[in-house]
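So this one's query-v6.cif, mmCIF, C-alpha atoms and all ligand atoms:
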```
data_data
#
loop_
_atom_site.label_atom_id
_atom_site.label_comp_id
_atom_site.auth_asym_id
_atom_site.auth_seq_id
_atom_site.Cartn_x
_atom_site.Cartn_y
_atom_site.Cartn_z
CA MET A 18 -4.87 -18.84 -119.86
CA LYS A 19 -7.38 -16.67 -118.13
CA MET A 20 -8.94 -17.24 -114.76
CA PHE A 21 -12.40 -16.60 -116.00
CA PHE A 22 -15.21 -19.01 -116.30
CA LYS A 23 -16.31 -20.70 -119.45
CA LYS A 24 -17.11 -18.52 -122.41
CA THR A 25 -15.79 -15.31 -120.91
CA GLY A 26 -14.18 -13.40 -123.78
CA THR A 27 -10.55 -12.41 -123.33
CA MET A 28 -11.03 -8.86 -124.59
CA GLN A 29 -14.27 -8.55 -122.71
CA ALA A 30 -12.58 -9.78 -119.57
CA LEU A 31 -9.69 -7.42 -120.11
CA ALA A 32 -12.05 -4.49 -120.44
CA VAL A 33 -13.65 -5.38 -117.12
CA LEU A 34 -10.24 -5.74 -115.58
CA LEU A 35 -9.11 -2.37 -116.83
CA LEU A 36 -12.23 -0.71 -115.52
CA ILE A 37 -11.42 -1.79 -112.02
CA GLY A 38 -7.66 -1.39 -112.48
CA GLY A 39 -5.91 -0.07 -109.45
CA THR A 40 -8.95 -0.26 -107.25
CA CYS A 41 -10.19 -2.85 -104.83
CA LEU A 42 -13.64 -4.36 -104.80
CA PHE A 43 -14.97 -5.67 -101.56
CA CYS A 44 -17.73 -8.24 -101.61
CA GLY A 45 -19.00 -9.54 -98.31
CA CYS A 46 -19.06 -13.34 -98.35
CA SER A 47 -19.91 -13.80 -94.70
CA ARG A 48 -19.53 -11.51 -91.72
CA GLN A 49 -16.03 -12.78 -91.08
CA THR A 50 -14.64 -13.40 -94.56
CA GLN A 51 -14.26 -10.69 -97.16
CA ARG A 52 -13.52 -11.32 -100.80
CA ILE A 53 -11.22 -8.65 -102.12
CA GLN A 54 -10.37 -8.30 -105.81
CA MET A 55 -7.73 -6.17 -107.40
CA VAL A 56 -6.27 -5.80 -110.88
CA ASP A 57 -3.13 -3.93 -111.78
CA THR A 58 -0.06 -4.25 -113.95
CA ALA A 59 3.39 -5.41 -112.96
CA MET A 60 6.22 -7.17 -114.81
CA GLY A 61 4.75 -5.81 -118.04
CA THR A 62 1.61 -7.86 -117.61
CA ILE A 63 -1.77 -7.91 -115.89
CA VAL A 64 -1.80 -9.00 -112.27
CA SER A 65 -5.13 -10.04 -110.84
CA GLN A 66 -5.69 -10.93 -107.19
CA THR A 67 -8.75 -12.41 -105.51
CA LEU A 68 -8.17 -12.87 -101.80
CA TYR A 69 -10.47 -14.25 -99.12
CA ILE A 70 -9.50 -12.58 -95.84
CA GLU A 71 -10.94 -12.99 -92.37
CA GLY A 72 -11.29 -10.25 -89.78
CA ARG A 73 -9.08 -7.47 -91.09
CA THR A 74 -9.97 -3.84 -91.63
CA ILE A 75 -10.31 -2.61 -95.20
CA ARG A 76 -7.07 -0.68 -94.80
CA GLU A 77 -5.22 -3.81 -93.66
CA GLN A 78 -6.66 -5.79 -96.56
CA GLN A 79 -5.52 -3.16 -99.01
CA ASP A 80 -2.06 -3.27 -97.47
CA ILE A 81 -1.81 -7.01 -98.14
CA VAL A 82 -2.83 -6.52 -101.77
CA GLN A 83 -0.22 -3.79 -102.15
CA GLU A 84 2.44 -5.94 -100.50
CA ILE A 85 1.84 -8.62 -103.13
CA LEU A 86 2.02 -6.11 -105.94
CA PHE A 87 5.18 -4.58 -104.52
CA CYS A 88 6.79 -8.01 -104.26
CA ILE A 89 6.31 -8.51 -108.03
CA HIS A 90 7.78 -5.08 -108.86
CA ASP A 91 10.64 -5.75 -106.49
CA LEU A 92 11.35 -9.18 -108.00
CA GLU A 93 11.66 -7.61 -111.43
CA GLN A 94 13.65 -4.54 -110.39
CA GLN A 95 16.02 -6.17 -107.91
CA ARG A 96 16.48 -9.63 -109.33
CA LEU A 97 15.19 -10.63 -112.75
CA SER A 98 15.13 -7.79 -115.26
CA TRP A 99 17.74 -7.81 -118.04
CA ARG A 100 16.72 -4.22 -118.90
CA LEU A 101 16.93 -2.44 -115.54
CA SER A 102 20.38 -1.57 -114.25
CA GLY A 103 20.56 -2.54 -110.60
CA SER A 104 18.89 -5.91 -111.00
CA GLU A 105 21.01 -8.97 -110.29
CA ILE A 106 20.56 -10.36 -113.81
CA TYR A 107 21.56 -7.00 -115.31
CA GLU A 108 24.76 -6.99 -113.23
CA ILE A 109 25.58 -10.57 -114.19
CA ASN A 110 25.12 -9.75 -117.88
CA ALA A 111 27.26 -6.63 -117.51
CA ASN A 112 30.01 -8.77 -115.96
CA ALA A 113 29.90 -11.64 -118.48
CA GLY A 114 33.39 -12.89 -119.22
CA GLU A 115 34.54 -12.45 -115.61
CA GLU A 116 36.82 -15.46 -115.17
CA ASN A 117 36.31 -15.83 -111.43
CA GLY A 118 32.59 -15.68 -111.83
CA ILE A 119 29.98 -13.43 -110.31
CA GLY A 120 28.37 -13.86 -106.87
CA LEU A 121 24.69 -14.82 -106.71
CA SER A 122 22.04 -14.34 -104.07
CA PRO A 123 20.80 -17.69 -102.72
CA LYS A 124 17.42 -17.14 -104.39
CA LEU A 125 18.81 -16.39 -107.85
CA SER A 126 21.18 -19.29 -107.49
CA GLU A 127 18.18 -21.54 -106.81
CA HIS A 128 16.31 -20.16 -109.85
CA LEU A 129 19.28 -20.63 -112.16
CA ASN A 130 19.88 -24.17 -110.95
CA ALA A 131 16.23 -25.03 -111.59
CA CYS A 132 16.37 -23.45 -115.08
CA LEU A 133 19.48 -25.42 -115.98
CA ARG A 134 17.82 -28.64 -114.80
CA VAL A 135 14.94 -27.97 -117.20
CA SER A 136 17.40 -27.08 -119.99
CA GLU A 137 19.24 -30.35 -119.52
CA ALA A 138 16.11 -32.47 -119.24
CA SER A 139 14.62 -30.83 -122.34
CA GLN A 140 17.88 -31.13 -124.27
CA GLY A 141 18.09 -27.41 -124.69
CA ALA A 142 14.49 -26.74 -125.78
CA PHE A 143 14.34 -24.40 -122.80
CA ASP A 144 17.33 -22.06 -122.71
CA ILE A 145 17.68 -18.84 -120.68
CA THR A 146 20.52 -17.68 -122.96
CA ILE A 147 18.18 -17.30 -125.94
CA GLY A 148 17.65 -13.56 -125.29
CA ASP A 149 19.61 -12.37 -128.36
CA VAL A 150 17.41 -14.41 -130.67
CA VAL A 151 14.29 -13.12 -128.87
CA ARG A 152 15.50 -9.54 -129.37
CA LEU A 153 16.26 -10.19 -133.04
CA TRP A 154 12.70 -11.33 -133.75
CA ASP A 155 11.30 -8.52 -131.57
CA ILE A 156 7.87 -10.18 -131.51
CA ASP A 157 6.87 -8.33 -128.31
CA THR A 158 7.10 -4.96 -130.09
CA TRP A 159 4.73 -6.02 -132.87
CA ALA A 160 2.39 -8.45 -131.16
CA GLY A 161 -1.18 -7.21 -130.94
CA LYS A 162 -0.49 -4.19 -133.18
CA GLU A 163 -2.73 -3.51 -136.18
CA GLU A 164 0.09 -2.02 -138.22
CA THR A 165 2.94 -4.52 -138.62
CA LYS A 166 4.55 -3.33 -141.84
CA GLY A 167 7.75 -2.56 -139.94
CA PHE A 168 8.06 -6.15 -138.72
CA VAL A 169 10.99 -7.75 -140.51
CA ILE A 170 11.66 -11.47 -140.58
CA PRO A 171 15.32 -11.90 -139.62
CA SER A 172 17.65 -13.33 -142.24
CA GLU A 173 19.23 -16.76 -141.94
CA SER A 174 22.63 -15.19 -141.26
CA GLU A 175 21.25 -12.87 -138.58
CA ILE A 176 19.60 -15.82 -136.87
CA ASN A 177 22.78 -17.88 -137.02
CA ALA A 178 24.81 -14.99 -135.60
CA ALA A 179 22.32 -14.61 -132.71
CA LEU A 180 22.32 -18.37 -132.09
CA GLU A 181 26.13 -18.21 -131.72
CA LYS A 182 25.53 -16.14 -128.58
CA THR A 183 23.39 -18.80 -126.93
CA GLY A 184 24.03 -22.11 -125.17
CA TYR A 185 23.09 -22.92 -121.58
CA GLN A 186 25.83 -25.62 -121.56
CA LYS A 187 28.45 -22.86 -121.51
CA ILE A 188 27.20 -21.56 -118.15
CA SER A 189 28.95 -22.80 -115.03
CA LEU A 190 27.18 -22.58 -111.65
CA GLN A 191 29.00 -23.36 -108.42
CA ASP A 192 28.79 -22.35 -104.77
CA ASN A 193 26.53 -19.38 -105.38
CA ARG A 194 28.73 -18.12 -108.21
CA ILE A 195 28.10 -18.09 -111.93
CA ILE A 196 30.62 -18.01 -114.72
CA LEU A 197 28.93 -16.55 -117.78
CA PRO A 198 31.27 -16.54 -120.77
CA LYS A 199 31.02 -13.67 -123.26
CA PRO A 200 28.94 -13.01 -125.32
CA LEU A 201 26.25 -14.99 -123.46
CA GLN A 202 23.50 -13.05 -121.70
CA LEU A 203 20.78 -14.29 -119.35
CA ASP A 204 17.08 -13.67 -119.93
CA MET A 205 14.54 -14.97 -117.42
CA GLY A 206 11.54 -13.90 -119.54
CA ALA A 207 10.16 -17.43 -119.70
CA VAL A 208 10.10 -17.94 -115.92
CA GLY A 209 9.60 -14.51 -114.30
CA LYS A 210 5.87 -14.88 -113.84
CA GLY A 211 6.22 -18.35 -112.40
CA ILE A 212 8.86 -17.18 -109.92
CA ALA A 213 6.48 -14.36 -108.94
CA LEU A 214 3.88 -16.98 -107.98
CA ASP A 215 6.36 -18.70 -105.66
CA GLU A 216 7.10 -15.41 -103.92
CA ILE A 217 3.41 -14.50 -103.65
CA LYS A 218 2.66 -17.87 -102.08
CA GLN A 219 5.19 -17.13 -99.36
CA ILE A 220 3.50 -13.83 -98.58
CA LEU A 221 0.05 -15.47 -98.43
CA GLU A 222 1.40 -18.06 -95.99
CA GLU A 223 2.49 -15.30 -93.63
CA TYR A 224 -1.14 -14.26 -93.05
CA GLU A 225 -3.30 -16.75 -91.17
CA GLU A 226 -6.27 -14.54 -91.99
CA ILE A 227 -5.96 -15.30 -95.71
CA THR A 228 -8.07 -18.39 -96.12
CA GLY A 229 -8.05 -18.57 -99.91
CA ALA A 230 -6.67 -16.78 -102.96
CA VAL A 231 -6.24 -16.99 -106.67
CA VAL A 232 -3.58 -14.74 -108.16
CA SER A 233 -2.64 -14.49 -111.81
CA VAL A 234 0.50 -12.90 -113.21
CA GLY A 235 0.05 -12.90 -116.99
CA GLY A 236 -0.39 -16.49 -118.08
CA SER A 237 0.62 -17.98 -114.72
CA ILE A 238 -1.93 -18.58 -111.98
CA LEU A 239 -1.63 -19.57 -108.32
CA THR A 240 -4.45 -21.19 -106.37
CA TYR A 241 -4.23 -21.01 -102.58
CA GLY A 242 -6.37 -22.30 -99.71
CA THR A 243 -10.12 -22.58 -100.16
CA LYS A 244 -13.04 -20.42 -101.21
CA SER A 245 -15.48 -19.57 -98.42
CA ASP A 246 -18.15 -21.80 -100.01
CA GLY A 247 -15.67 -24.68 -100.19
CA SER A 248 -15.90 -25.02 -104.00
CA LEU A 249 -12.81 -25.62 -106.13
CA TRP A 250 -10.93 -22.89 -108.01
CA ASN A 251 -11.72 -22.68 -111.74
CA VAL A 252 -8.94 -21.99 -114.23
CA GLY A 253 -10.08 -21.72 -117.84
CA ILE A 254 -8.11 -23.20 -120.74
CA VAL A 255 -8.34 -20.85 -123.71
CA ASN A 256 -9.32 -22.20 -127.12
CA PRO A 257 -6.31 -21.17 -129.26
CA SER A 258 -8.49 -21.03 -132.41
CA GLU A 259 -11.11 -18.85 -130.75
CA THR A 260 -9.45 -17.04 -127.89
CA SER A 261 -12.71 -15.53 -126.66
CA GLU A 262 -13.75 -19.04 -125.63
CA ASN A 263 -12.46 -21.67 -123.26
CA ILE A 264 -12.16 -25.26 -124.39
CA GLY A 265 -12.40 -26.40 -120.82
CA VAL A 266 -11.68 -25.64 -117.23
CA LEU A 267 -9.31 -26.96 -114.57
CA LYS A 268 -10.93 -27.53 -111.19
CA LEU A 269 -8.22 -27.15 -108.61
CA GLU A 270 -7.74 -27.13 -104.87
CA GLY A 271 -5.40 -24.56 -103.37
CA GLY A 272 -1.64 -24.99 -103.71
CA TRP A 273 -1.22 -25.29 -107.49
CA CYS A 274 0.64 -23.20 -110.03
CA VAL A 275 -0.77 -23.24 -113.56
CA SER A 276 1.18 -21.84 -116.53
CA THR A 277 0.23 -21.79 -120.18
CA SER A 278 2.41 -21.13 -123.22
CA GLY A 279 0.45 -20.63 -126.42
CA ASP A 280 1.06 -19.45 -129.99
CA TYR A 281 -1.94 -17.12 -129.64
CA GLU A 282 -0.48 -15.13 -126.74
CA ARG A 283 2.04 -12.95 -128.56
CA PHE A 284 2.48 -13.22 -132.31
CA VAL A 285 2.78 -11.32 -135.58
CA GLU A 286 1.18 -12.46 -138.82
CA LYS A 287 2.91 -11.76 -142.12
CA ASP A 288 1.91 -13.12 -145.52
CA GLY A 289 -0.39 -15.60 -143.83
CA VAL A 290 2.33 -17.00 -141.53
CA ARG A 291 2.10 -16.67 -137.77
CA TYR A 292 5.38 -15.83 -136.01
CA HIS A 293 4.94 -16.38 -132.27
CA HIS A 294 7.13 -15.70 -129.24
CA ILE A 295 8.23 -19.22 -128.30
CA LEU A 296 11.46 -19.93 -130.12
CA ASN A 297 13.19 -23.20 -130.85
CA PRO A 298 16.83 -22.76 -129.76
CA GLU A 299 17.89 -25.35 -132.32
CA THR A 300 16.57 -23.44 -135.33
CA GLY A 301 16.21 -19.88 -134.03
CA TYR A 302 12.66 -19.82 -135.46
CA PRO A 303 9.29 -19.90 -133.68
CA ALA A 304 8.74 -23.51 -132.60
CA GLU A 305 6.72 -25.68 -134.96
CA SER A 306 5.85 -28.76 -132.98
CA GLY A 307 2.20 -29.33 -133.83
CA VAL A 308 1.21 -27.64 -130.57
CA ARG A 309 -1.10 -24.61 -130.11
CA SER A 310 -0.78 -24.42 -126.33
CA VAL A 311 0.58 -26.27 -123.32
CA THR A 312 -0.72 -25.89 -119.79
CA ILE A 313 1.33 -27.19 -116.88
CA VAL A 314 0.10 -27.75 -113.32
CA THR A 315 2.69 -28.18 -110.53
CA GLN A 316 3.23 -26.94 -107.01
CA ASN A 317 6.19 -24.83 -108.08
CA GLY A 318 5.69 -21.67 -110.12
CA LEU A 319 9.12 -21.53 -111.75
CA LEU A 320 8.78 -25.12 -112.90
CA SER A 321 5.27 -24.66 -114.27
CA ASP A 322 6.46 -21.66 -116.29
CA ALA A 323 9.70 -23.24 -117.55
CA LEU A 324 8.01 -26.53 -118.42
CA SER A 325 5.17 -24.88 -120.36
CA THR A 326 7.74 -23.21 -122.62
CA ALA A 327 9.88 -26.35 -122.92
CA CYS A 328 6.91 -28.65 -123.62
CA PHE A 329 5.59 -26.30 -126.29
CA ILE A 330 8.88 -26.58 -128.16
CA LEU A 331 9.26 -30.34 -127.66
CA GLY A 332 5.75 -31.19 -128.85
CA GLU A 333 3.28 -33.75 -127.57
CA GLU A 334 5.28 -36.94 -127.15
CA GLU A 335 8.55 -35.61 -125.73
CA GLY A 336 6.67 -32.87 -123.85
CA LEU A 337 4.48 -35.37 -122.01
CA ALA A 338 7.60 -37.35 -121.05
CA LEU A 339 9.33 -34.19 -119.80
CA ALA A 340 6.34 -33.21 -117.66
CA GLU A 341 6.23 -36.69 -116.16
CA GLU A 342 9.95 -36.54 -115.38
CA PHE A 343 9.22 -33.47 -113.22
CA GLU A 344 6.03 -35.00 -111.79
CA ALA A 345 4.07 -32.16 -113.36
CA GLU A 346 0.69 -32.46 -115.07
CA ALA A 347 0.46 -31.26 -118.68
CA LEU A 348 -2.32 -30.56 -121.15
CA PHE A 349 -1.59 -30.03 -124.85
CA VAL A 350 -3.97 -28.40 -127.31
CA LEU A 351 -2.74 -29.62 -130.68
CA GLU A 352 -2.89 -28.19 -134.18
CA ASP A 353 -4.98 -31.12 -135.39
CA GLY A 354 -7.64 -30.25 -132.79
CA ARG A 355 -6.83 -33.01 -130.32
CA ILE A 356 -6.35 -32.45 -126.61
CA SER A 357 -3.71 -34.64 -125.01
CA MET A 358 -2.85 -34.78 -121.32
CA THR A 359 -1.00 -36.63 -118.59
CA GLU A 360 -3.05 -39.11 -116.61
CA GLY A 361 -3.02 -36.92 -113.50
CA MET A 362 -4.39 -33.95 -115.44
CA GLN A 363 -7.60 -35.85 -116.17
CA GLN A 364 -8.79 -35.43 -112.59
CA PHE A 365 -8.60 -31.60 -112.97
CA PHE A 366 -9.91 -31.08 -116.50
CA GLU A 367 -13.53 -30.60 -117.54
CA LEU A 368 -14.22 -30.17 -121.24
CA THR A 369 -16.58 -27.39 -122.24
CA VAL A 370 -19.60 -29.03 -123.82
CA GLU A 371 -21.30 -26.98 -126.53
P1 LIG A 401 4.81 -15.77 -121.50
O1 LIG A 401 5.99 -14.88 -121.30
O2 LIG A 401 3.77 -15.25 -122.43
O3 LIG A 401 4.25 -16.28 -120.21
P2 LIG A 401 6.34 -18.10 -121.83
O4 LIG A 401 6.37 -18.33 -120.37
O5 LIG A 401 6.11 -19.27 -122.70
O6 LIG A 401 5.28 -17.04 -122.25
O7 LIG A 401 7.73 -17.45 -122.19
C1 LIG A 401 7.98 -16.97 -123.46
C2 LIG A 401 9.10 -15.99 -123.36
O8 LIG A 401 10.30 -16.69 -123.02
C3 LIG A 401 9.39 -15.32 -124.68
O9 LIG A 401 8.73 -14.10 -124.81
C4 LIG A 401 10.90 -15.16 -124.64
O10 LIG A 401 11.27 -14.00 -123.92
C5 LIG A 401 11.37 -16.34 -123.86
N1 LIG A 401 11.67 -17.53 -124.67
C6 LIG A 401 11.27 -17.81 -125.94
N2 LIG A 401 11.73 -19.02 -126.32
C7 LIG A 401 12.42 -19.52 -125.26
C8 LIG A 401 13.14 -20.73 -125.03
N3 LIG A 401 13.24 -21.66 -125.96
N4 LIG A 401 13.74 -20.89 -123.83
C9 LIG A 401 13.65 -19.95 -122.87
N5 LIG A 401 13.01 -18.79 -123.03
C10 LIG A 401 12.39 -18.58 -124.20
MG MG A 402 6.85 -20.21 -119.64
#
```

Here is a file; write its structure as structure tokens.
Amino acid sequence: MKMFFKKTGTMQALAVLLLIGGTCLFCGCSRQTQRIQMVDTAMGTIVSQTLYIEGRTIREQQDIVQEILFCIHDLEQQRLSWRLSGSEIYEINANAGEENGIGLSPKLSEHLNACLRVSEASQGAFDITIGDVVRLWDIDTWAGKEETKGFVIPSESEINAALEKTGYQKISLQDNRIILPKPLQLDMGAVGKGIALDEIKQILEEYEEITGAVVSVGGSILTYGTKSDGSLWNVGIVNPSETSENIGVLKLEGGWCVSTSGDYERFVEKDGVRYHHILNPETGYPAESGVRSVTIVTQNGLLSDALSTACFILGEEEGLALAEEFEAEALFVLEDGRISMTEGMQQFFELTVE
């Protein structure tokens, strides 16, 4: 998912983004409202902000942009990273096996409760204990690289051994404490970007002067308020078979979180087979559900991110039912070329006509 308009190439877009990386562009929309754009990296992905701000100095506008960026870094470093010692998740993983459990901040407790709700509703298709299997495949290391000779497909026994260390059902959450039995480990990789959107929305709400914004953190996008010309926000849906093109666009008011999970986002090809980064916790292999991508629209970032992953694994029929259970809108791009969506999604989606 890219927040560019129809037919904007991903690589092309990226190049433009990188050119303006770390800098702010100011475009006068009217005397009172400024449009400020900024692209940077955080959470290992590209963060792009477009903010419409009224009556602030350039310095103050830059400060708001930096505050948003800092909030994403902070979320990763203090709360969500399984790699960085000092984050809450890191400490929980380090203390797995603690019989009395480990204390949780109210926010992490809320995230974990929401994740477990999605795990239960998806019958384990979404599972934040899948980290060991993710590490075994190591898709992130090889994705996008030209030279992939070193990529090794894990053996059946390695996969089974890694699967032994998973199972969200073994987690117990109570009164802001978690009991995480050994050798389970938590990995919030599938929801970090969505959670970031929820935090960013809170910051935007603190500033009356921000009249509209669209912020993307990797494949998750937040729309907020209105554009100064009153038009809707456009969020492109990438064509998985031709990622330089969009198959359509979502026309959204402010207040929505949009997340996409696709087999074209991070993958390695070996002997003509595509191994992508969304794994089926039942098999330990990349999910094969007839789906190329799933886009979810909800008002909650964590849910949009978790549901896009879960729906990808479940496939069209069960995925649509799961989205409806959470009152989320879903759009599936399927391997056979069809596009399938919830009824509510139809009001947002416009197909690109050749
Ligand atoms: P992205 O990270 O590109 O936004 P997703 O939100 O779909 O994509 O999350 C995929 C990431 O989630 C993977 O890279 C992996 O770390 C983790 N993951 C893979 N399969 C699952 C799963 N079944 N349940 C939970 N997390 C998963
Ligand atoms: Mg996701």

Counting only C-alpha atoms and all ligand atoms, the option among A:Arg96, A:Arg152, A:Lys199, A:Lys244 closest to ligand LIG 401 (chain A): A:Arg152

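Minimum atom-to-atom distance to A:Cys132, evaluated using only C-alpha atoms, belongs to A:Leu190 out of A:Leu190, A:Ala347, A:Leu214, A:Ile264.
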
Neighbourhood of ligand MG 402 (chain A) at 12 Å, counting all atoms listed in the file, reported as a ChimeraX atom specification: /A:18,132,135,142-145,205-212,234-238,274-280,282,294-296,310-314,318-330

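Residue nearest ligand LIG 401 (chain A) within the list A:Ser357, A:Val150, A:Gly272, A:Gln219: A:Val150 [criterion: smallest interatomic distance, all atoms listed in the file].
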
Listed atoms of ligand LIG 401 (chain A) boxed along x, y and z, 6 Å each side, centre and edge lengths in Å, one decimal, as JSON:
```
{"center_x": 8.8, "center_y": -17.8, "center_z": -123.3, "size_x": 22.0, "size_y": 19.7, "size_z": 18.1}
```

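When only C-alpha atoms and all ligand atoms are used to measure the gap to ligand LIG 401 (chain A), the shortest distance among A:Ala304, A:Val266, A:Ala213, A:Val252 belongs to A:Ala304.
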
Distance in Å - atom CA of A:Ala178 versus atom CA of A:Asp157: 20.5 Å

Distance in Å - atom CA of A:Glu341 versus atom CA of A:Val255: 22.8 Å

Missing atoms in stretch 59-72 of chain A: can you complete it with N, CA and C atoms, as a JSON list (two decimals), in the coordinates of the input?
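Resulting contents of rebuild38.json:
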```json
[["chain", "number", "residue", "atom", "x", "y", "z"],
["A", 59, "ALA", "N", 2.03, -5.30, -113.50],
["A", 59, "ALA", "CA", 3.39, -5.41, -112.96],
["A", 59, "ALA", "C", 4.12, -6.38, -113.87],
["A", 60, "MET", "N", 5.41, -6.29, -113.96],
["A", 60, "MET", "CA", 6.22, -7.17, -114.81],
["A", 60, "MET", "C", 5.74, -7.11, -116.26],
["A", 61, "GLY", "N", 5.22, -5.97, -116.66],
["A", 61, "GLY", "CA", 4.75, -5.81, -118.04],
["A", 61, "GLY", "C", 3.52, -6.64, -118.36],
["A", 62, "THR", "N", 2.79, -7.05, -117.34],
["A", 62, "THR", "CA", 1.61, -7.86, -117.61],
["A", 62, "THR", "C", 0.50, -7.54, -116.60],
["A", 63, "ILE", "N", -0.66, -8.16, -116.81],
["A", 63, "ILE", "CA", -1.77, -7.91, -115.89],
["A", 63, "ILE", "C", -1.67, -8.82, -114.68],
["A", 64, "VAL", "N", -1.80, -8.22, -113.51],
["A", 64, "VAL", "CA", -1.80, -9.00, -112.27],
["A", 64, "VAL", "C", -3.19, -8.90, -111.68],
["A", 65, "SER", "N", -3.78, -10.05, -111.40],
["A", 65, "SER", "CA", -5.13, -10.04, -110.84],
["A", 65, "SER", "C", -5.13, -10.84, -109.54],
["A", 66, "GLN", "N", -5.66, -10.25, -108.49],
["A", 66, "GLN", "CA", -5.69, -10.93, -107.19],
["A", 66, "GLN", "C", -7.13, -11.05, -106.70],
["A", 67, "THR", "N", -7.49, -12.22, -106.25],
["A", 67, "THR", "CA", -8.75, -12.41, -105.51],
["A", 67, "THR", "C", -8.36, -13.06, -104.19],
["A", 68, "LEU", "N", -8.58, -12.35, -103.10],
["A", 68, "LEU", "CA", -8.17, -12.87, -101.80],
["A", 68, "LEU", "C", -9.40, -13.01, -100.90],
["A", 69, "TYR", "N", -9.45, -14.09, -100.16],
["A", 69, "TYR", "CA", -10.47, -14.25, -99.12],
["A", 69, "TYR", "C", -9.78, -14.02, -97.78],
["A", 70, "ILE", "N", -10.20, -12.97, -97.07],
["A", 70, "ILE", "CA", -9.50, -12.58, -95.84],
["A", 70, "ILE", "C", -10.50, -12.49, -94.70],
["A", 71, "GLU", "N", -10.07, -13.02, -93.56],
["A", 71, "GLU", "CA", -10.94, -12.99, -92.37],
["A", 71, "GLU", "C", -10.52, -11.86, -91.43],
["A", 72, "GLY", "N", -11.48, -11.15, -90.92],
["A", 72, "GLY", "CA", -11.29, -10.25, -89.78],
["A", 72, "GLY", "C", -10.18, -9.24, -89.87]]
```
